[in-house]
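Containing mmCIF, C-alpha atoms: run34.cif.
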data_input
loop_
_atom_site.label_atom_id
_atom_site.label_comp_id
_atom_site.auth_asym_id
_atom_site.auth_seq_id
_atom_site.Cartn_x
_atom_site.Cartn_y
_atom_site.Cartn_z
CA MET A 58 0.00 0.00 0.00
CA ARG A 59 1.23 3.47 -0.87
CA THR A 60 1.15 5.87 2.07
CA ASN A 61 2.80 9.08 3.29
CA VAL A 62 3.04 7.69 6.85
CA PRO A 63 5.15 4.52 6.43
CA GLY A 64 4.94 3.72 10.16
CA GLY A 65 1.18 3.33 9.87
CA LEU A 66 -1.70 4.62 11.96
CA VAL A 67 -2.70 3.54 15.47
CA VAL A 68 -5.95 4.49 17.18
CA VAL A 69 -5.81 4.85 20.97
CA ALA A 70 -8.80 4.94 23.32
CA ILE A 71 -8.46 7.00 26.53
CA ASP A 72 -11.13 6.43 29.17
CA ALA A 73 -12.37 8.79 31.91
CA SER A 74 -9.57 7.59 34.22
CA GLU A 75 -6.92 8.55 31.63
CA ARG A 76 -6.15 4.90 30.91
CA ARG A 77 -5.18 3.72 27.45
CA VAL A 78 -7.80 1.00 27.18
CA VAL A 79 -7.33 0.17 23.49
CA GLU A 80 -4.51 0.44 20.97
CA ALA A 81 -5.25 -0.88 17.50
CA ARG A 82 -3.82 -0.46 14.03
CA LEU A 83 -5.97 1.50 11.61
CA GLY A 84 -5.76 -0.38 8.36
CA HIS A 85 -6.37 0.91 4.86
CA GLY A 86 -9.96 2.09 4.50
CA GLU A 87 -10.80 1.57 8.17
CA HIS A 88 -12.49 4.20 10.33
CA PRO A 89 -11.56 4.95 13.97
CA GLU A 90 -15.14 4.82 15.26
CA VAL A 91 -15.61 1.36 13.75
CA VAL A 92 -12.29 -0.01 15.06
CA LEU A 93 -12.87 1.29 18.59
CA GLY A 94 -16.55 0.36 18.46
CA ALA A 95 -15.61 -3.25 17.75
CA ALA A 96 -13.68 -3.18 21.04
CA GLY A 97 -16.73 -1.85 22.89
CA TRP A 98 -15.83 1.85 23.07
CA GLY A 99 -17.62 4.88 21.65
CA ILE A 100 -15.73 8.03 20.66
CA GLU A 101 -16.58 11.19 22.59
CA SER A 102 -13.95 13.51 21.12
CA PRO A 103 -10.51 13.48 19.49
CA PHE A 104 -7.68 14.03 21.97
CA PHE A 105 -4.28 13.96 20.28
CA ALA A 106 -2.42 13.13 17.07
CA THR A 107 1.26 12.45 17.68
CA MET A 108 4.16 10.59 16.07
CA ARG A 109 5.73 7.71 17.99
CA ASP A 110 9.44 6.96 18.03
CA ASP A 111 8.82 3.98 15.73
CA GLY A 112 7.29 6.26 13.07
CA ALA A 113 3.66 5.32 13.69
CA LEU A 114 1.09 8.10 14.00
CA GLU A 115 -1.17 7.75 17.03
CA LEU A 116 -4.71 9.11 16.89
CA GLY A 117 -6.01 9.39 20.44
CA TYR A 118 -9.68 9.65 21.43
CA ARG A 119 -11.62 10.25 24.61
CA VAL A 120 -14.03 7.33 24.88
CA SER A 121 -16.80 5.87 26.98
CA GLU A 122 -18.20 2.36 27.09
CA LEU A 123 -20.40 1.81 24.09
CA ASP A 124 -24.09 1.54 24.85
CA GLY A 125 -26.08 0.38 21.87
CA ILE A 126 -25.35 -0.68 18.32
CA ARG A 127 -21.70 -0.73 17.33
CA PRO A 128 -20.73 1.43 14.34
CA ARG A 129 -20.49 -0.57 11.14
CA ARG A 130 -18.18 -0.17 8.19
CA GLU A 131 -19.95 1.46 5.27
CA GLY A 132 -19.60 0.37 1.68
CA VAL A 133 -16.80 1.89 -0.36
CA ALA A 134 -18.01 4.76 -2.54
CA ARG A 135 -17.03 4.90 -6.20
CA ASP A 136 -16.63 7.93 -8.39
CA ALA A 137 -18.86 8.24 -11.42
CA GLY A 138 -17.59 6.10 -14.27
CA VAL A 139 -15.72 3.62 -12.04
CA GLY A 140 -17.13 0.13 -12.46
CA ASP A 141 -17.79 -2.25 -9.58
CA GLY A 142 -15.18 -4.66 -10.89
CA GLU A 143 -12.39 -2.12 -11.25
CA VAL A 144 -9.60 -2.39 -8.67
CA GLY A 145 -7.60 0.67 -7.72
CA GLU A 146 -4.13 1.01 -6.23
CA PRO A 147 -4.46 1.30 -2.41
CA TYR A 148 -3.33 4.73 -1.22
CA GLN A 149 -3.67 6.04 2.33
CA ARG A 150 -2.97 9.77 2.60
CA VAL A 151 -2.78 11.51 5.96
CA ALA A 152 -3.15 15.29 5.94
CA ALA A 153 -3.40 18.10 8.51
CA TYR A 154 -5.58 21.21 8.21
CA ALA A 155 -6.62 24.18 10.33
CA VAL A 156 -9.74 26.27 10.82
CA VAL A 157 -7.87 29.59 11.11
CA SER A 158 -9.72 32.61 12.46
CA SER A 159 -8.51 36.17 13.03
CA ALA A 160 -9.75 39.73 13.24
CA ARG A 161 -9.94 39.62 9.43
CA GLY A 162 -12.17 36.57 9.29
CA LEU A 163 -11.68 32.93 8.36
CA LEU A 164 -8.81 31.73 6.19
CA LEU A 165 -9.91 29.78 3.09
CA THR A 166 -8.02 28.37 0.12
CA GLN A 167 -9.29 27.58 -3.38
CA PHE A 168 -8.44 24.40 -5.30
CA ASN A 169 -7.00 24.65 -8.82
CA THR A 170 -7.29 22.46 -11.89
CA GLN A 171 -4.76 19.94 -10.56
CA THR A 172 -7.63 18.61 -8.43
CA HIS A 173 -11.10 17.17 -9.12
CA VAL A 174 -12.73 20.04 -7.22
CA ALA A 175 -11.30 23.02 -9.11
CA GLY A 176 -12.97 26.24 -8.01
CA ASP A 177 -14.16 24.85 -4.68
CA TRP A 178 -12.85 26.27 -1.41
CA GLY A 179 -11.48 24.58 1.66
CA LEU A 180 -9.15 24.88 4.62
CA PRO A 181 -5.42 25.53 4.43
CA GLY A 182 -3.48 22.32 4.90
CA GLY A 183 -2.34 19.23 3.08
CA GLY A 184 -0.48 15.94 3.13
CA LEU A 185 2.22 15.23 5.68
CA ASP A 186 5.79 14.80 4.55
CA ASP A 187 7.52 11.53 5.45
CA GLY A 188 8.18 11.58 9.21
CA GLU A 189 6.47 14.94 9.75
CA THR A 190 4.17 15.44 12.74
CA PRO A 191 0.64 16.76 12.16
CA VAL A 192 1.50 19.93 14.14
CA ASP A 193 4.58 20.63 12.03
CA GLY A 194 2.68 19.74 8.89
CA VAL A 195 -0.21 22.10 9.48
CA HIS A 196 2.13 25.00 10.32
CA ARG A 197 4.13 24.34 7.13
CA GLU A 198 1.06 24.00 4.91
CA VAL A 199 -0.64 27.15 6.23
CA TRP A 200 2.53 29.13 5.56
CA GLU A 201 3.03 27.64 2.09
CA GLU A 202 -0.56 28.18 0.98
CA THR A 203 -1.31 31.54 2.63
CA GLY A 204 1.82 33.10 4.14
CA GLN A 205 0.30 33.24 7.65
CA ARG A 206 1.78 32.25 11.00
CA VAL A 207 -0.78 30.70 13.35
CA GLU A 208 -1.22 29.48 16.89
CA LEU A 209 -2.89 26.10 17.22
CA GLY A 210 -5.88 25.53 19.45
CA GLY A 211 -7.76 22.30 19.91
CA LEU A 212 -7.87 19.16 17.80
CA LEU A 213 -11.33 19.50 16.25
CA THR A 214 -11.81 16.25 14.40
CA VAL A 215 -10.20 13.44 12.41
CA GLN A 216 -12.02 12.64 9.20
CA SER A 217 -11.69 9.21 7.58
CA HIS A 218 -13.07 8.82 4.05
CA HIS A 219 -12.65 5.84 1.72
CA TRP A 220 -13.52 5.67 -1.97
CA VAL A 221 -12.35 4.43 -5.36
CA GLY A 222 -11.69 7.03 -8.01
CA ARG A 223 -9.20 8.41 -10.48
CA SER A 224 -6.42 10.75 -9.49
CA PRO A 225 -5.87 13.92 -11.55
CA SER A 226 -3.23 11.95 -13.50
CA GLY A 227 -5.83 9.31 -14.41
CA THR A 228 -4.54 6.55 -12.11
CA LEU A 229 -7.30 4.48 -10.53
CA GLU A 230 -6.85 4.63 -6.75
CA ASP A 231 -8.44 2.87 -3.80
CA PHE A 232 -8.12 6.04 -1.74
CA HIS A 233 -8.24 6.40 2.04
CA ALA A 234 -8.07 10.03 3.19
CA VAL A 235 -7.34 10.72 6.86
CA ARG A 236 -7.69 14.44 7.64
CA ILE A 237 -6.55 15.82 11.00
CA VAL A 238 -8.21 19.18 11.66
CA TYR A 239 -7.13 21.74 14.27
CA ALA A 240 -8.58 25.03 15.43
CA ALA A 241 -6.13 27.91 15.08
CA THR A 242 -5.89 31.65 15.48
CA CYS A 243 -3.74 34.14 13.60
CA PRO A 244 -2.69 36.97 15.96
CA ASP A 245 -1.13 39.01 13.13
CA PRO A 246 -3.21 38.43 9.99
CA ARG A 247 -1.55 39.73 6.85
CA ASP A 248 -2.36 39.93 3.17
CA VAL A 249 -2.30 36.44 1.71
CA VAL A 250 0.79 35.24 -0.15
CA ILE A 251 0.82 31.82 -1.86
CA HIS A 252 4.38 30.52 -1.49
CA ASP A 253 3.64 27.03 -2.83
CA VAL A 254 3.83 27.95 -6.51
CA GLY A 255 2.89 24.95 -8.62
CA GLY A 256 0.80 23.39 -5.85
CA THR A 257 -2.95 22.83 -5.78
CA THR A 258 -3.92 26.27 -4.41
CA SER A 259 -5.17 28.84 -6.92
CA ASP A 260 -6.34 31.48 -4.43
CA ALA A 261 -6.51 32.15 -0.69
CA ARG A 262 -8.45 34.77 1.23
CA TRP A 263 -9.51 36.10 4.58
CA VAL A 264 -13.29 35.69 4.44
CA PRO A 265 -15.63 37.49 6.84
CA VAL A 266 -17.63 34.88 8.73
CA THR A 267 -20.86 36.52 7.55
CA GLU A 268 -19.81 35.78 3.94
CA LEU A 269 -18.81 32.15 4.47
CA GLY A 270 -22.01 30.95 2.81
CA ASP A 271 -21.02 32.72 -0.42
CA TYR A 272 -18.08 30.35 -0.97
CA PRO A 273 -18.68 26.88 -2.43
CA LEU A 274 -16.89 24.50 -0.06
CA ALA A 275 -15.53 21.12 -1.09
CA SER A 276 -17.66 18.26 0.23
CA SER A 277 -15.16 17.37 2.97
CA TRP A 278 -15.62 20.77 4.58
CA ARG A 279 -19.34 21.29 4.03
CA ARG A 280 -19.98 18.77 6.82
CA LEU A 281 -17.42 20.17 9.30
CA ASP A 282 -19.18 21.23 12.50
CA ALA A 283 -16.67 23.99 13.24
CA LEU A 284 -17.45 25.71 9.94
CA LEU A 285 -21.18 25.16 10.31
CA ASP A 286 -21.04 26.76 13.77
CA LEU A 287 -19.12 29.75 12.45
CA ALA A 288 -21.56 30.22 9.59
CA ALA A 289 -24.42 30.07 12.10
CA GLY A 290 -22.80 32.81 14.17
CA GLU A 291 -21.89 30.67 17.17
CA GLY A 292 -18.38 32.11 17.52
CA ARG A 293 -14.88 30.98 16.73
CA ALA A 294 -13.69 27.41 16.67
CA GLY A 295 -11.84 26.63 19.86
CA GLY A 296 -10.64 23.89 22.15
CA THR A 297 -7.58 22.94 24.10
CA TYR A 298 -4.54 21.69 22.22
CA ASP A 299 -2.77 18.68 23.68
CA ALA A 300 0.74 18.20 22.34
CA SER A 301 1.53 15.00 24.25
#
Write the structure described by the file as structure tokens, please.
Amino acid sequence: MRTNVPGGLVVVAIDASERRVVEARLGHGEHPEVVLGAAGWGIESPFFATMRDDGALELGYRVSELDGIRPRREGVARDAGVGDGEVGEPYQRVAAYAVVSSARGLLLTQFNTQTHVAGDWGLPGGGLDDGETPVDGVHREVWEETGQRVELGGLLTVQSHHWVGRSPSGTLEDFHAVRIVYAATCPDPRDVVIHDVGGTTSDARWVPVTELGDYPLASSWRRLDALLDLAAGEGRAGGTYDAS
């Protein structure tokens, strides 16, 4: 399997007594809530995302004993034009993003024609480099795509999406996207500068929260609670960042 985190992913369940009650590998296409649910634990909130000395990336969650039906693995979605019998190359890509707010608004980036969602908008961030921590990765990506320096807040969510589709180059991929999303603030917001020339960002802007609904968001971000709350006027994304 092709991946940008060769050490693999490990999900960790932390109970109310701060005990690590479960550690399990997250395989290609697997989802944390399903893996932990199979062990009898329900996710309450994400807690940390840190690199281990052996190169594995740990995704930690606050959990409670599961009461009710265990989450089940959903079927694998397929892009239009991809037949049921077509087999893609497995690719697990781990990326880090930030919901960045400041006195100038919310920081958004626009995808260019190197992607399948050209013209849509999303959060600054992107794939981790080999051996890079999510914290280092999100700081690097925000700077490359927007020229801003940020202060991280809480770990908001970890998205896990699995589908079969074609990459921009035409390669058929069995794609597993793991997106680690932080809250962040920018104490000194400046005019946007895109340093990553040749990347997938065509534009970046500070957007007033009241205008967020005017920007077509990529599907990954249309369902993000932190953005929905901002659009509804419930304040800035927040939380407490744990760097353990």
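Separating atom CA of Gly210 of chain A from atom CA of Leu287 of chain A is a distance of 15.6 Å.
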Interatomic distance (Å, one decimal) between atom CA of Leu93 of chain A and atom CA of Val144 of chain A
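Atom CA of Leu93 of chain A sits 27.7 Å away from atom CA of Val144 of chain A.
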How far is it from atom CA of Pro225 of chain A to atom CA of Thr172 of chain A, in Å with one decimal?
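Taking atom CA of Pro225 of chain A and atom CA of Thr172 of chain A, their separation equals 5.9 Å.
Compared by their closest atoms to Ser276 of chain A, and using all atoms listed in the file, the residues A:Ser74, A:Ser121, A:Gln216, A:Gln149 rank with A:Gln216 nearest.
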Using all atoms listed in the file, which residue out of A:Leu284, A:Leu123, A:Leu165, A:Ala152 lies closest to Val192 of chain A?
A:Ala152
